[in-house]
Protein chains: 2
Amino acid sequence: MSDLGAALRARGMRLTPQRRRIVDALTSLEHGTPDAVAAKVADDGGATLPLSTIYRGLDALEELGIVSHTHLDHRAPTYHLADHATHIHLVCLGCGTVSEAPIATAADFAGNVRDATGFDPDVTHMAIHGWCAGCRGDKQ
Amino acid sequence: MSDLGAALRARGMRLTPQRRRIVDALTSLEHGTPDAVAAKVADDGGATLPLSTIYRGLDALEELGIVSHTHLDHRAPTYHLADHATHIHLVCLGCGTVSEAPIATAADFAGNVRDATGFDPDVTHMAIHGWCAGCRGDKQ
DNA sequence: TTGAATGCAAAAAATTTGCATATTG
DNA sequence: CAATATGCAAATTTTTTGCATTCAA
C-alpha cells in the first residue's frame, strides 16, 4: 500500500519499515495500547521496536489521520486504524465494564456536530462514559 | 449539602473535610485535572492535600456518580461535577485545539444508545475527537 | 546529500500503593 | 470501637526527550 507512503511524503514525512510494522500490527490487532502494539510488532518477527518509536510512529500516523485513538479508561489510550469501521465503546463508570453499540446510533449526532460547528467528528471507536443497566440501579 | 454525606454513607463511605474541599474546588473550577484540583484546593486555604488524597477522593466521588471525567487529550483526565450542565468538547486530532458544541447536538444520540443498549451515557462534557474545519482541509 | 526517523538511555510525568495514624459514624 | 480515609514516602507505570547514528527520498 503506497497510499501510506504517499500520505507521509505529502507531509514531508517518510515511510519507514518501523511505521509499516506499526500499521500492520494495528491492522491485525484492530485496537491496542502503545504497549500492545509493541508486543504485536515483536510477535510478528524482526527486531523489537523501542516504545519511543511506537509512540512517535503512532503520533505521526495520527497526525495524518491514518490512525486515531480513544481512552477506554483512565490509563489507556487505545489506538486503531481510522478507516477500520467498528463500534462505539460504552465504558461504565461504576463497574468499568466496556460494552459496545453500533455506530449507527451516532450517525445523526455526527451530522449535527458537523452542521453546527464545521468540526468533523470521528465517531468510529468513540468512547462514551456512563452507567450500565446494572450500575444505574445501584446509584439510586 | 448533606446530600453528599448521605450518598457517601449509603455506600459505606464517609464524608471527610478533604472530600468536601475537593467538591468545592470542582464547583468553582467547573473542569480540572487532578493537579488543577489540588491547586484550587490549596488556593482555597487550609492545608495542601497530597495528590494521593485527591486521586482517591475523585475516584470515590466518581463511583458515586457525583463526579465524572473525560479525556481532552492524551495526558489529562479532566474531572467535573456530574450535575454541572455544559457542553461537548471537540478535540482536533490535527492541531489539538479544543472547541465546544451544545449538548443539544447529542440529545438524540444519548436516546439512541439508551434504547439500543440500556446503557445510560453521560453526554455532558463528553469529549469527541475529530478534525476541525482547518485541519480537515490539510488532510487532503 | 540532507533532513527525517530510529535506538538507546535517561528524565519527566502521572498514578498507585503500603502502612501507621487519625477520624468518621 | 471499628472500619474508613488520610498523609507521607516510595514504587510503578506511562510517556517524553536528547543525541549520535542510520536511512529514505
# chains A, B, ... in the order shown; residues from 1 in each chain; ligands from 1
call {"tool": "closest_atom_pairs", "arguments": {"of": "chain B", "to": "chain C", "cutoff": "10 Å", "atoms": "only C-alpha atoms (C1' of nucleotides)", "output": "Markdown table"}}
result
| residue | atom | partner | partner_atom | distance |
| --- | --- | --- | --- | --- |
| B:Arg9 | CA | C:DG25 | C1' | 8.8 |
| B:Gly12 | CA | C:DG25 | C1' | 9.8 |
| B:Met13 | CA | C:DT24 | C1' | 9.4 |
| B:Arg14 | CA | C:DT24 | C1' | 6.5 |
| B:Leu15 | CA | C:DT24 | C1' | 7.6 |
| B:Thr16 | CA | C:DT24 | C1' | 7.5 |
| B:Pro34 | CA | C:DA14 | C1' | 9.9 |
| B:Asp35 | CA | C:DA14 | C1' | 9.6 |
| B:Leu51 | CA | C:DT15 | C1' | 9.3 |
| B:Ser52 | CA | C:DT16 | C1' | 8.1 |
| B:Tyr55 | CA | C:DT15 | C1' | 8.2 |
| B:Arg56 | CA | C:DT16 | C1' | 9.7 |
| B:Arg75 | CA | C:DA14 | C1' | 8.2 |
| B:Ala76 | CA | C:DA14 | C1' | 9.2 |
call {"tool": "select_by_dssp", "arguments": {"residues": "chain A", "states": "helix (DSSP H, G or I)", "output": "PyMOL selection string"}}
result
chain A and resi 2-10+17-29+34-43+51-64+103-117+133-139
call {"tool": "select_by_dssp", "arguments": {"residues": "chain B", "states": "strand (DSSP E or B)", "output": "JSON list (two decimals) with C-alpha atoms, in the first residue's frame"}}
result
[["chain", "number", "residue", "atom", "x", "y", "z"],
["B", 32, "GLY", "CA", -9.99, 20.35, 36.19],
["B", 67, "VAL", "CA", -18.14, 13.43, 39.71],
["B", 68, "SER", "CA", -17.21, 12.32, 36.24],
["B", 69, "HIS", "CA", -14.29, 12.73, 33.90],
["B", 70, "THR", "CA", -13.32, 12.92, 30.26],
["B", 71, "HIS", "CA", -10.04, 12.93, 28.39],
["B", 72, "LEU", "CA", -9.48, 16.08, 26.43],
["B", 73, "ASP", "CA", -6.04, 14.95, 25.39],
["B", 76, "ALA", "CA", -5.14, 14.83, 31.08],
["B", 77, "PRO", "CA", -8.19, 13.33, 32.71],
["B", 78, "THR", "CA", -10.49, 16.27, 33.28],
["B", 79, "TYR", "CA", -12.92, 15.98, 36.16],
["B", 80, "HIS", "CA", -16.16, 17.86, 36.70],
["B", 81, "LEU", "CA", -19.31, 17.62, 38.78],
["B", 87, "HIS", "CA", -21.01, 21.44, 26.51],
["B", 88, "ILE", "CA", -19.40, 18.79, 24.43],
["B", 89, "HIS", "CA", -15.67, 19.12, 23.86],
["B", 90, "LEU", "CA", -14.42, 18.80, 20.33],
["B", 91, "VAL", "CA", -10.75, 17.91, 20.30],
["B", 92, "CYS", "CA", -8.94, 18.31, 17.00],
["B", 98, "VAL", "CA", -10.47, 22.16, 21.90],
["B", 99, "SER", "CA", -13.72, 23.75, 20.80],
["B", 100, "GLU", "CA", -17.26, 23.23, 22.02],
["B", 101, "ALA", "CA", -20.68, 22.21, 20.81],
["B", 102, "PRO", "CA", -24.05, 22.47, 22.54],
["B", 120, "ASP", "CA", -27.09, 5.44, 30.18],
["B", 121, "PRO", "CA", -24.43, 7.65, 28.59],
["B", 127, "ALA", "CA", -15.09, 14.59, 24.53],
["B", 128, "ILE", "CA", -15.19, 13.90, 20.83],
["B", 129, "HIS", "CA", -12.07, 13.62, 18.73],
["B", 130, "GLY", "CA", -12.01, 14.58, 15.10],
["B", 131, "TRP", "CA", -10.90, 17.27, 12.73]]
call {"tool": "closest_atom_pairs", "arguments": {"of": "chain D", "to": "chain A", "cutoff": "9 Å", "atoms": "only C-alpha atoms (C1' of nucleotides)", "output": "Markdown table"}}
result
| residue | atom | partner | partner_atom | distance |
| --- | --- | --- | --- | --- |
| D:DT14 | C1' | A:Arg75 | CA | 8.2 |
| D:DT15 | C1' | A:Tyr55 | CA | 8.2 |
| D:DT16 | C1' | A:Ser52 | CA | 8.2 |
| D:DC23 | C1' | A:Thr16 | CA | 8.6 |
| D:DA24 | C1' | A:Arg14 | CA | 6.6 |
| D:DA25 | C1' | A:Arg14 | CA | 8.1 |
call {"tool": "atom_distance", "arguments": {"atom1": "CA of Leu58 in chain B", "atom2": "CA of Val41 in chain B"}}
result
12.8 Å
call {"tool": "atom_distance", "arguments": {"atom1": "CA of Asp122 in chain B", "atom2": "CA of Ala110 in chain B"}}
result
8.0 Å
call {"tool": "residues_around", "arguments": {"residues": "Gly57 in chain A", "least_positions_apart": "6", "cutoff": "8 Å", "atoms": "only C-alpha atoms (C1' of nucleotides)", "output": "mmCIF file with C-alpha atoms, in the first residue's frame"}}
result
data_model
loop_
_atom_site.group_PDB
_atom_site.id
_atom_site.type_symbol
_atom_site.label_atom_id
_atom_site.label_comp_id
_atom_site.auth_asym_id
_atom_site.auth_seq_id
_atom_site.Cartn_x
_atom_site.Cartn_y
_atom_site.Cartn_z
ATOM 1 C CA GLN A 18 9.024 0.620 11.517
ATOM 2 C CA ARG A 19 5.963 2.630 10.623
ATOM 3 C CA ILE A 22 3.095 -0.405 13.347
#
call {"tool": "atom_distance", "arguments": {"atom1": "CA of Arg114 in chain A", "atom2": "CA of Arg114 in chain B"}}
result
22.6 Å
call {"tool": "closest_residue", "arguments": {"among": "B:Leu93, B:Ala42, B:Leu29, B:Ala82", "to": "Ala60 in chain A", "atoms": "only C-alpha atoms"}}
result
B:Leu93
call {"tool": "residues_around", "arguments": {"residues": "Arg21 in chain A", "least_positions_apart": "5", "cutoff": "10 Å", "atoms": "only C-alpha atoms (C1' of nucleotides)", "output": "list of chain:residue names"}}
result
A:Thr16, A:Leu26, A:Thr27, A:Val37, A:Ala38, A:Lys40, A:Val41, A:Ala42, A:Asp44, A:Gly45, A:Gly46, A:Leu49, A:Ile54, A:Gly57
